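*Asks:* Input structure.cif, format and content: mmCIF, C-alpha atoms.
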```
data_data
#
loop_
_atom_site.label_atom_id
_atom_site.label_comp_id
_atom_site.auth_asym_id
_atom_site.auth_seq_id
_atom_site.Cartn_x
_atom_site.Cartn_y
_atom_site.Cartn_z
CA MET A 1 -77.00 216.45 7.10
CA SER A 2 -74.07 217.09 9.35
CA GLU A 3 -70.85 215.18 8.75
CA ASN A 4 -70.56 214.62 12.46
CA SER A 5 -70.35 210.85 12.91
CA LYS A 6 -72.89 210.82 15.73
CA TYR A 7 -75.60 211.03 13.08
CA VAL A 8 -77.12 208.23 11.05
CA THR A 9 -76.89 208.42 7.27
CA TYR A 10 -79.10 206.20 5.21
CA GLY A 11 -78.03 208.27 2.23
CA SER A 12 -76.36 205.55 0.21
CA CYS A 13 -79.46 203.36 0.37
CA GLY A 14 -82.28 203.86 -2.09
CA CYS A 15 -85.43 201.91 -2.63
CA GLY A 16 -84.70 198.67 -4.43
CA SER A 17 -81.01 198.77 -3.56
CA CYS A 18 -81.50 196.63 -0.52
CA GLY A 19 -78.47 196.28 1.71
CA ALA A 20 -79.21 192.59 2.23
CA SER A 21 -78.44 190.37 -0.74
CA LYS A 22 -80.23 187.32 0.61
CA GLU A 23 -83.94 186.64 0.84
CA ILE A 24 -84.21 187.72 4.46
CA THR A 25 -87.65 188.34 5.95
CA GLY A 26 -87.80 189.54 9.52
CA CYS A 27 -90.45 189.77 12.18
CA ARG A 28 -90.12 191.91 15.30
CA PHE A 29 -92.91 191.14 17.75
CA SER A 30 -94.09 191.80 21.29
CA LEU A 31 -96.40 189.46 23.15
CA SER A 32 -98.63 191.08 25.79
CA PRO A 33 -100.59 188.73 28.05
CA MET A 34 -102.82 190.93 30.23
CA SER A 35 -102.17 188.88 33.36
CA ASP A 36 -100.08 188.91 36.52
CA LYS A 37 -98.50 185.70 35.12
CA TYR A 38 -97.27 187.43 31.95
CA ILE A 39 -93.61 186.56 32.49
CA ASP A 40 -94.39 182.85 32.85
CA ILE A 41 -96.67 182.93 29.81
CA ILE A 42 -94.09 184.69 27.61
CA LEU A 43 -91.12 182.59 28.75
CA GLY A 44 -93.21 179.43 28.55
CA ALA A 45 -94.20 180.15 24.94
CA LEU A 46 -90.66 181.19 23.95
CA GLY A 47 -89.42 177.92 25.42
CA LYS A 48 -91.84 175.76 23.42
CA VAL A 49 -91.06 177.26 20.02
CA ASP A 50 -88.56 175.55 17.77
CA THR A 51 -86.34 178.38 16.51
CA SER A 52 -83.72 176.16 14.87
CA LYS A 53 -84.50 177.61 11.43
CA VAL A 54 -84.45 181.32 12.29
CA TRP A 55 -81.98 183.80 13.73
CA LYS A 56 -83.38 185.27 16.95
CA GLU A 57 -82.76 188.04 19.45
CA THR A 58 -84.76 189.36 22.42
CA ASP A 59 -84.38 192.89 23.77
CA LYS A 60 -86.30 195.00 26.25
CA LEU A 61 -89.08 195.77 23.78
CA SER A 62 -89.49 192.75 21.55
CA THR A 63 -88.18 189.55 20.03
CA ILE A 64 -86.92 189.34 16.46
CA TYR A 65 -86.90 186.28 14.20
CA ARG A 66 -85.10 186.57 10.85
CA GLY A 67 -84.65 184.10 8.02
CA LYS A 68 -86.68 182.50 5.23
CA ARG A 69 -90.24 183.87 5.18
CA ILE A 70 -92.02 180.56 5.80
CA HIS A 71 -89.79 179.70 8.76
CA VAL A 72 -90.14 183.14 10.33
CA LEU A 73 -93.95 182.91 10.11
CA ASP A 74 -93.88 179.30 11.37
CA ALA A 75 -91.92 180.42 14.44
CA VAL A 76 -94.11 183.46 15.22
CA LYS A 77 -97.24 181.33 14.77
CA GLY A 78 -95.77 178.69 17.08
CA LEU A 79 -94.96 181.32 19.69
CA PHE A 80 -98.46 182.82 19.63
CA ILE A 81 -100.27 179.47 19.70
CA HIS A 82 -98.10 178.18 22.55
CA SER A 83 -98.87 181.37 24.51
CA TYR A 84 -102.63 180.84 24.22
CA ASP A 85 -104.55 180.62 27.50
CA GLU A 86 -108.35 180.73 27.23
CA ASN A 87 -108.53 182.75 30.45
CA VAL A 88 -106.08 185.45 29.39
CA HIS A 89 -106.59 188.39 27.06
CA THR A 90 -103.38 188.43 25.01
CA THR A 91 -102.19 190.53 22.10
CA LEU A 92 -99.27 190.12 19.74
CA GLU A 93 -97.94 193.17 17.93
CA ALA A 94 -95.75 192.22 14.97
CA THR A 95 -93.80 194.05 12.29
CA LEU A 96 -93.12 191.79 9.31
CA SER A 97 -90.65 193.33 6.90
CA LYS A 98 -88.53 192.58 3.89
CA GLY A 99 -86.26 194.61 1.64
CA CYS A 100 -85.35 197.59 3.82
CA PRO A 101 -82.53 199.48 2.10
CA GLY A 102 -80.86 199.77 5.50
CA ASP A 103 -80.89 196.01 6.06
CA THR A 104 -77.81 193.80 5.95
CA ASP A 105 -77.03 190.12 5.46
CA ALA A 106 -76.03 189.92 9.11
CA ASP A 107 -78.20 188.45 11.83
CA SER A 108 -80.04 185.93 9.74
CA PHE A 109 -80.17 182.25 8.99
CA LEU A 110 -81.55 180.77 5.80
CA ALA A 111 -82.54 177.13 6.27
CA GLU A 112 -82.05 175.06 3.15
CA ASP A 113 -85.30 173.18 3.25
CA ASP A 114 -88.95 174.18 3.59
CA VAL A 115 -90.02 171.73 6.32
CA LEU A 116 -91.89 173.74 8.99
CA VAL A 117 -90.51 172.70 12.36
CA ASN A 118 -93.37 174.04 14.51
CA GLU A 119 -96.39 172.92 12.50
CA GLU A 120 -96.63 169.43 14.02
CA SER A 121 -96.91 170.71 17.61
CA ILE A 122 -99.52 173.41 16.84
CA LYS A 123 -101.65 172.08 13.98
CA ASP A 124 -104.42 170.73 16.24
CA ILE A 125 -104.75 173.85 18.40
CA HIS A 126 -107.49 176.16 17.10
CA PHE A 127 -108.99 179.39 18.44
CA LYS A 128 -110.68 182.47 17.03
CA THR A 129 -108.43 185.50 16.69
CA THR A 130 -109.22 189.12 15.89
CA CYS A 131 -106.60 190.96 13.87
CA LYS A 132 -105.77 194.38 12.54
CA ILE A 133 -103.34 194.71 9.69
CA SER A 134 -101.73 197.56 7.77
CA LEU A 135 -99.57 197.10 4.69
CA TYR A 136 -96.93 199.68 3.76
CA PRO A 137 -95.52 199.20 0.24
CA MET A 138 -92.46 201.48 0.27
CA GLY A 139 -90.95 203.59 -2.50
CA VAL A 140 -93.89 203.43 -4.92
CA SER A 141 -96.53 206.05 -5.67
CA ASN A 142 -99.32 203.59 -6.51
CA TYR A 143 -99.20 201.83 -3.15
CA MET A 144 -102.97 201.89 -2.61
CA GLY A 145 -103.36 199.39 -5.47
CA TYR A 146 -101.13 196.83 -3.74
CA ILE A 147 -103.01 197.33 -0.48
CA ALA A 148 -106.37 196.79 -2.20
CA LYS A 149 -105.07 193.58 -3.78
CA VAL A 150 -104.05 192.18 -0.40
CA VAL A 151 -107.29 193.25 1.32
CA ASN A 152 -109.32 191.68 -1.47
CA HIS A 153 -107.46 188.42 -0.97
CA ALA A 154 -108.62 188.50 2.67
CA ILE A 155 -112.17 189.07 1.41
CA ASP A 156 -111.83 186.02 -0.87
CA MET A 157 -110.62 183.94 2.08
CA GLY A 158 -113.64 184.95 4.18
CA ILE A 159 -111.60 186.48 7.01
CA TYR A 160 -112.30 190.17 6.22
CA VAL A 161 -114.48 191.98 8.77
CA ARG A 162 -114.23 195.63 7.74
CA SER A 163 -111.99 198.51 6.78
CA ALA A 164 -111.37 200.95 9.64
CA HIS A 165 -109.23 204.03 10.18
CA TYR A 166 -105.59 203.15 9.29
CA VAL A 167 -106.15 199.38 9.37
CA THR A 168 -108.14 196.46 8.02
CA ILE A 169 -109.90 194.25 10.57
CA LEU A 170 -109.73 190.48 10.06
CA GLU A 171 -111.11 187.60 12.07
CA GLY A 172 -110.67 183.86 11.80
CA ASP A 173 -109.02 180.76 13.13
CA ILE A 174 -105.38 181.44 13.97
CA HIS A 175 -104.20 179.05 11.23
CA GLU A 176 -106.30 180.83 8.58
CA LEU A 177 -104.80 184.18 9.58
CA PHE A 178 -101.22 182.95 9.30
CA HIS A 179 -102.05 181.28 5.99
CA PHE A 180 -103.19 184.71 4.80
CA PHE A 181 -100.08 186.48 6.16
CA ASN A 182 -97.88 184.05 4.25
CA GLU A 183 -99.77 184.51 0.99
CA ALA A 184 -99.90 188.30 1.36
CA ALA A 185 -96.18 188.41 2.12
CA GLU A 186 -95.45 186.14 -0.85
CA TYR A 187 -97.38 188.51 -3.12
CA CYS A 188 -95.56 191.57 -1.70
CA ASN A 189 -92.25 189.78 -2.06
CA LYS A 190 -92.90 189.29 -5.78
CA GLU A 191 -94.28 192.76 -6.50
CA LEU A 192 -92.34 195.08 -4.19
CA SER A 193 -88.70 195.59 -3.26
CA HIS A 194 -89.57 196.77 0.27
CA TYR A 195 -92.74 196.27 2.26
CA ILE A 196 -93.85 196.25 5.90
CA MET A 197 -96.90 194.47 7.27
CA GLN A 198 -97.90 195.76 10.70
CA ILE A 199 -100.07 193.16 12.43
CA THR A 200 -101.84 192.99 15.79
CA LEU A 201 -103.45 189.74 16.94
CA SER A 202 -105.88 189.69 19.85
CA VAL A 203 -107.56 186.83 21.70
CA ASN A 204 -110.09 186.79 24.53
CA SER A 205 -110.77 190.52 24.50
CA PRO A 206 -113.47 191.44 27.01
CA THR A 207 -114.68 194.25 24.71
CA ALA A 208 -117.73 193.49 22.62
CA GLU A 209 -117.53 194.79 19.04
CA MET B 1 -109.86 194.03 -9.98
CA SER B 2 -113.29 192.45 -10.06
CA GLU B 3 -116.29 194.71 -10.42
CA ASN B 4 -118.05 192.70 -7.76
CA SER B 5 -118.96 195.18 -5.04
CA LYS B 6 -117.77 192.91 -2.27
CA TYR B 7 -114.24 194.08 -3.07
CA VAL B 8 -112.49 197.23 -1.92
CA THR B 9 -111.17 199.63 -4.53
CA TYR B 10 -108.70 202.25 -3.51
CA GLY B 11 -108.11 202.85 -7.21
CA SER B 12 -109.27 206.46 -7.37
CA CYS B 13 -106.89 207.48 -4.60
CA GLY B 14 -103.30 208.25 -5.39
CA CYS B 15 -100.53 209.57 -3.20
CA GLY B 16 -101.01 213.24 -2.51
CA SER B 17 -104.67 213.19 -3.46
CA CYS B 18 -105.78 212.69 0.08
CA GLY B 19 -109.45 211.95 0.55
CA ALA B 20 -109.57 214.20 3.59
CA SER B 21 -109.46 217.92 2.86
CA LYS B 22 -108.85 218.97 6.45
CA GLU B 23 -105.70 218.75 8.50
CA ILE B 24 -106.71 215.53 10.22
CA THR B 25 -104.10 213.55 12.12
CA GLY B 26 -105.18 210.29 13.68
CA CYS B 27 -103.80 207.95 16.27
CA ARG B 28 -104.98 204.37 16.73
CA PHE B 29 -103.55 202.88 19.90
CA SER B 30 -103.77 199.87 22.19
CA LEU B 31 -102.80 200.00 25.84
CA SER B 32 -101.56 196.71 27.33
CA PRO B 33 -101.06 196.63 31.11
CA MET B 34 -99.56 193.22 31.93
CA SER B 35 -101.71 192.78 35.02
CA ASP B 36 -104.85 191.00 36.21
CA LYS B 37 -106.23 194.51 36.80
CA TYR B 38 -105.80 195.53 33.15
CA ILE B 39 -109.47 196.40 32.61
CA ASP B 40 -109.50 198.77 35.61
CA ILE B 41 -106.22 200.36 34.51
CA ILE B 42 -107.40 200.90 30.92
CA LEU B 43 -110.87 202.18 31.86
CA GLY B 44 -109.39 204.31 34.64
CA ALA B 45 -106.98 205.99 32.24
CA LEU B 46 -109.61 206.45 29.53
CA GLY B 47 -111.84 208.07 32.15
CA LYS B 48 -109.20 210.59 33.23
CA VAL B 49 -108.33 211.86 29.76
CA ASP B 50 -109.98 215.01 28.48
CA THR B 51 -111.03 214.12 24.94
CA SER B 52 -113.10 217.22 24.32
CA LYS B 53 -110.82 218.31 21.46
CA VAL B 54 -110.61 215.03 19.56
CA TRP B 55 -113.01 212.65 17.86
CA LYS B 56 -112.80 209.22 19.50
CA GLU B 57 -113.89 205.65 19.03
CA THR B 58 -113.05 202.40 20.85
CA ASP B 59 -113.37 198.99 19.24
CA LYS B 60 -112.28 195.48 20.20
CA LEU B 61 -108.66 196.11 19.20
CA SER B 62 -107.89 199.73 19.92
CA THR B 63 -108.99 203.28 20.55
CA ILE B 64 -108.75 206.01 17.91
CA TYR B 65 -108.36 209.75 18.46
CA ARG B 66 -108.62 212.03 15.41
CA GLY B 67 -108.30 215.77 15.06
CA LYS B 68 -105.61 218.45 15.13
CA ARG B 69 -102.15 216.93 15.61
CA ILE B 70 -101.32 218.66 18.89
CA HIS B 71 -104.64 217.71 20.46
CA VAL B 72 -104.40 214.08 19.34
CA LEU B 73 -100.91 213.79 20.85
CA ASP B 74 -102.04 215.61 24.01
CA ALA B 75 -104.85 213.08 24.47
CA VAL B 76 -102.69 210.00 23.82
CA LYS B 77 -100.01 211.36 26.17
CA GLY B 78 -102.68 212.01 28.82
CA LEU B 79 -104.02 208.48 28.44
CA PHE B 80 -100.60 206.88 28.78
CA ILE B 81 -99.52 208.99 31.75
CA HIS B 82 -102.81 208.41 33.56
CA SER B 83 -102.38 204.65 33.02
CA TYR B 84 -98.96 204.63 34.67
CA ASP B 85 -98.55 202.33 37.68
CA GLU B 86 -94.99 201.81 38.92
CA ASN B 87 -95.78 198.19 39.72
CA VAL B 88 -97.15 197.27 36.30
CA HIS B 89 -95.30 196.58 33.05
CA THR B 90 -97.38 198.41 30.46
CA THR B 91 -96.98 198.98 26.74
CA LEU B 92 -98.76 201.30 24.35
CA GLU B 93 -98.75 200.46 20.66
CA ALA B 94 -99.72 203.45 18.54
CA THR B 95 -100.14 204.20 14.84
CA LEU B 96 -99.94 207.93 14.16
CA SER B 97 -100.97 208.78 10.62
CA LYS B 98 -101.83 211.66 8.36
CA GLY B 99 -102.68 211.98 4.68
CA CYS B 100 -103.87 208.52 3.77
CA PRO B 101 -105.44 208.70 0.29
CA GLY B 102 -108.26 206.51 1.60
CA ASP B 103 -109.04 208.89 4.47
CA THR B 104 -112.13 211.07 4.65
CA ASP B 105 -113.24 214.22 6.44
CA ALA B 106 -115.62 212.14 8.52
CA ASP B 107 -114.95 211.08 12.09
CA SER B 108 -112.87 214.03 13.15
CA PHE B 109 -113.04 217.20 15.13
CA LEU B 110 -110.77 220.19 14.63
CA ALA B 111 -110.63 222.39 17.70
CA GLU B 112 -110.17 226.04 16.87
CA ASP B 113 -107.56 226.82 19.48
CA ASP B 114 -104.24 225.29 20.48
CA VAL B 115 -104.76 225.12 24.24
CA LEU B 116 -103.79 221.60 25.38
CA VAL B 117 -106.52 220.35 27.67
CA ASN B 118 -104.58 217.50 29.29
CA GLU B 119 -101.23 219.17 29.93
CA GLU B 120 -102.17 220.68 33.30
CA SER B 121 -103.13 217.32 34.86
CA ILE B 122 -100.04 215.45 33.63
CA LYS B 123 -97.19 217.97 33.53
CA ASP B 124 -95.80 217.03 36.95
CA ILE B 125 -95.86 213.27 36.39
CA HIS B 126 -92.51 211.99 35.12
CA PHE B 127 -91.16 208.50 34.45
CA LYS B 128 -88.57 206.89 32.17
CA THR B 129 -90.00 205.25 29.07
CA THR B 130 -88.40 203.00 26.48
CA CYS B 131 -89.69 203.40 22.94
CA LYS B 132 -89.36 201.89 19.51
CA ILE B 133 -90.38 203.91 16.51
CA SER B 134 -90.62 203.35 12.76
CA LEU B 135 -91.43 206.06 10.25
CA TYR B 136 -93.03 205.20 6.91
CA PRO B 137 -93.00 208.09 4.41
CA MET B 138 -95.41 206.88 1.72
CA GLY B 139 -95.33 207.40 -2.02
CA VAL B 140 -91.76 208.65 -2.32
CA SER B 141 -88.65 206.79 -3.48
CA ASN B 142 -86.18 208.71 -1.28
CA TYR B 143 -87.91 207.81 1.98
CA MET B 144 -84.70 206.80 3.76
CA GLY B 145 -83.62 210.45 3.74
CA TYR B 146 -86.72 211.55 5.65
CA ILE B 147 -86.23 208.73 8.15
CA ALA B 148 -82.60 209.73 8.74
CA LYS B 149 -83.65 213.34 9.32
CA VAL B 150 -86.15 212.31 12.01
CA VAL B 151 -83.72 209.87 13.69
CA ASN B 152 -81.03 212.54 13.73
CA HIS B 153 -83.43 214.90 15.46
CA ALA B 154 -83.82 212.26 18.21
CA ILE B 155 -80.01 212.12 18.43
CA ASP B 156 -79.89 215.91 18.84
CA MET B 157 -82.50 215.67 21.62
CA GLY B 158 -80.44 213.09 23.50
CA ILE B 159 -83.16 210.41 23.47
CA TYR B 160 -81.63 208.11 20.83
CA VAL B 161 -80.37 204.76 22.13
CA ARG B 162 -79.62 202.77 18.96
CA SER B 163 -80.81 201.66 15.56
CA ALA B 164 -82.09 198.09 15.54
CA HIS B 165 -83.75 195.80 13.02
CA TYR B 166 -86.83 197.62 11.59
CA VAL B 167 -86.96 200.25 14.34
CA THR B 168 -85.09 202.97 16.19
CA ILE B 169 -84.86 202.61 19.97
CA LEU B 170 -85.41 205.76 22.06
CA GLU B 171 -85.43 206.33 25.80
CA GLY B 172 -86.31 209.33 27.91
CA ASP B 173 -88.82 210.99 30.15
CA ILE B 174 -92.34 210.51 28.81
CA HIS B 175 -92.70 214.27 28.17
CA GLU B 176 -89.47 214.38 26.13
CA LEU B 177 -90.68 211.49 23.98
CA PHE B 178 -94.02 213.15 23.20
CA HIS B 179 -92.22 216.43 22.49
CA PHE B 180 -90.17 214.50 19.92
CA PHE B 181 -93.24 212.81 18.39
CA ASN B 182 -94.86 216.19 17.91
CA GLU B 183 -91.79 217.72 16.27
CA ALA B 184 -91.21 214.66 14.08
CA ALA B 185 -94.87 214.69 13.00
CA GLU B 186 -94.71 218.42 12.31
CA TYR B 187 -91.69 217.86 10.06
CA CYS B 188 -93.40 214.97 8.23
CA ASN B 189 -96.54 217.05 7.87
CA LYS B 190 -94.57 219.74 6.07
CA GLU B 191 -92.49 217.44 3.87
CA LEU B 192 -94.78 214.54 3.05
CA SER B 193 -98.34 214.12 1.87
CA HIS B 194 -98.78 210.80 3.69
CA TYR B 195 -96.78 209.34 6.55
CA ILE B 196 -97.22 206.79 9.33
CA MET B 197 -95.28 206.71 12.60
CA GLN B 198 -95.53 203.35 14.33
CA ILE B 199 -94.66 203.77 18.00
CA THR B 200 -94.41 201.39 20.96
CA LEU B 201 -93.93 202.76 24.47
CA SER B 202 -92.88 200.48 27.32
CA VAL B 203 -92.55 201.10 31.05
CA ASN B 204 -91.37 198.87 33.88
CA SER B 205 -90.16 196.04 31.67
CA PRO B 206 -88.56 193.27 33.73
CA THR B 207 -86.11 192.53 30.90
CA ALA B 208 -82.64 194.00 31.28
CA GLU B 209 -81.25 195.46 28.04
#
```
If you convert what's in this file into structure tokens, what do you get?
*Replies:*
Amino acid sequence: MSENSKYVTYGSCGCGSCGASKEITGCRFSLSPMSDKYIDIILGALGKVDTSKVWKETDKLSTIYRGKRIHVLDAVKGLFIHSYDENVHTTLEATLSKGCPGDTDADSFLAEDDVLVNEESIKDIHFKTTCKISLYPMGVSNYMGYIAKVVNHAIDMGIYVRSAHYVTILEGDIHELFHFFNEAAEYCNKELSHYIMQITLSVNSPTAE
Amino acid sequence: MSENSKYVTYGSCGCGSCGASKEITGCRFSLSPMSDKYIDIILGALGKVDTSKVWKETDKLSTIYRGKRIHVLDAVKGLFIHSYDENVHTTLEATLSKGCPGDTDADSFLAEDDVLVNEESIKDIHFKTTCKISLYPMGVSNYMGYIAKVVNHAIDMGIYVRSAHYVTILEGDIHELFHFFNEAAEYCNKELSHYIMQITLSVNSPTAE
């Protein structure tokens, strides 16, 4: 490693010595409506979500919500449900992460209570969603065991479709899927110091299985 | 772990004991043209790519190419470049992976030579691409060191923009980016038994930085 300051050094960070002292979960996501109206759909959905309990930022590639796990998932779920249009094939690519040794306490907001601010406006909207998910438990050699545990929980919930190259395929009502993400993240939170869940949601795909 | 066969067991696989004996790299990717013509754009690009040196499969969520690293990257690069339309905001989400303990020798094809079959048809097509990338070195506690090494290589190449939450942002000509992916993957291949590179490419985004 050069000492030239143009380089990054993550050297002082090791697994488990997370740079953020708080319980900060983050989700970086990109919404892709396959439509000429994609800007209206994205801005419309972003405008309907209540983000009062998360820290947020939008850049050229994605939007990030950071805060307490349940509020981050509530906001991402709100965003996706408010973007739903039965005539548009839309995907959401999301990276849910907690415990990165390079993380900091900055750019976050931890609401004191657990009241979900988006649930009321989305709870009656239901649609079938296909999903692929990959879990990356970092810094441990026995990571396949944690992955199996999470996949088996999806099997128990009845949303598992099959294992495929590099991912697990899930399918269910959008609320069931987010219920699973929250439980899987809660399990990872307890068992691992750093994990990433890479999730893609897809609705109205024209491709048959 | 229940003995009920409905469950998955990755128990016999540990890090480094990869289930695949060959040098199989795989890439699972989803192309998202934000346009009413997305089906034509996707099928048009898939039709122009020479996939004679990779194994391929398309499902509802993504397409997978598997084989020798250079041929997999050549095919994904060909696909993305052939999908390019200067009037369409398009993203490609890709999971590049090698060495998963749950992987098998099946569903792959290892071409004997290193001649890139797509390069000739794409080498004169150039456009600026924004990229986010995350590297996950699995099964090792000092993973941040490997990540820093790869990010610093991007800095040396002049394609690094900034570090952001959960990702590194890169920008450059599409050929430069794929040159970097290949070198980063070659490095990971040498140093790690199992790694994942999660990549998103974006062109013609209407969002200013």
*Asks:* Which residues are close to Asp124 (chain B), i.e. within 12 Å by only C-alpha atoms, leaving aside same-chain residues fewer than 6 positions away? Reply as a VMD selection string.
*Replies:* chain B and resid 78 81 to 82 118 173 to 175
*Asks:* Give me the residues of chain B that have any atom at most 6 Å from an atom of chain A; for each, the nearest atom pair and the distance in Å, rounded to one decimal. Use all atoms listed in the file, sort by chain and number, and format it as CSV.
*Replies:*
```
residue,atom,partner,partner_atom,distance
B:Tyr7,CA,A:Asn152,CA,5.7
B:Tyr10,CA,A:Met144,CA,5.8
B:Cys15,CA,A:Ser141,CA,5.9
B:Met34,CA,A:Met34,CA,4.3
B:Ser35,CA,A:Ser35,CA,4.3
B:Asp36,CA,A:Ser35,CA,4.4
B:Asp59,CA,A:Glu209,CA,5.9
B:Lys60,CA,A:Thr207,CA,5.3
B:Gly139,CA,A:Ser141,CA,4.1
B:Val140,CA,A:Gly139,CA,5.1
B:Ser141,CA,A:Gly139,CA,4.1
B:Met144,CA,A:Tyr10,CA,5.8
B:Asn152,CA,A:Tyr7,CA,5.7
B:Thr207,CA,A:Lys60,CA,5.3
B:Glu209,CA,A:Lys60,CA,5.4
```
*Asks:* Can you work out the spacing between CA of Val54 (chain A) and CA of Leu170 (chain A) in Å, to one decimal?
*Replies:*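 If I compute the distance from CA of Val54 (chain A) to CA of Leu170 (chain A), I get 27.0 Å.
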*Asks:* Quick one: which residues end up in the PyMOL selection byres ((chain A and resi 117) around 9) for this structure, as a list in words?
*Replies:*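 That selection, the PyMOL selection byres ((chain A and resi 117) around 9), comes back as Val49, Asp50, Thr51, Ser52, Lys53, His71, Asp74, Ala75, Val115, Leu116, Asn118, Glu119, Glu120 and Ser121 of chain A.
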*Asks:* Using CA of Tyr195 (chain B) and CA of Arg69 (chain B) as the two end points, give the distance in Å to one decimal.
*Replies:*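 Separating CA of Tyr195 (chain B) from CA of Arg69 (chain B) is a distance of 13.0 Å.
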*Asks:* So how many Å separate CA of Thr63 (chain B) and CA of Phe29 (chain B), to one decimal?
*Replies:*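 These two atoms are separated by 5.5 Å.
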*Asks:* Once the PyMOL selection byres ((chain B and resi 45) around 8) has been evaluated on this model, what residues remain selected, and can you format them as a VMD selection string?
*Replies:* chain B and resid 41 to 44 46 to 49 79 to 80 82 to 83
*Asks:* Taking (-79.1, 182.9, 9.5) in the coordinates of the supplied file, I want to know which residues reach to within 9 Å of it, counting all atoms listed in the file; could you give the answer as a compact mmCIF listing (two decimals) with C-alpha atoms, in the coordinates of the input?
*Replies:*
```txt
# COMPACT_ATOMS: atom_id res chain seq x y z
CA ILE A 24 -84.21 187.72 4.46
CA LYS A 53 -84.50 177.61 11.43
CA VAL A 54 -84.45 181.32 12.29
CA TRP A 55 -81.98 183.80 13.73
CA LYS A 56 -83.38 185.27 16.95
CA ARG A 66 -85.10 186.57 10.85
CA GLY A 67 -84.65 184.10 8.02
CA LYS A 68 -86.68 182.50 5.23
CA ASP A 105 -77.03 190.12 5.46
CA ALA A 106 -76.03 189.92 9.11
CA ASP A 107 -78.20 188.45 11.83
CA SER A 108 -80.04 185.93 9.74
CA PHE A 109 -80.17 182.25 8.99
CA LEU A 110 -81.55 180.77 5.80
CA ALA A 111 -82.54 177.13 6.27
```
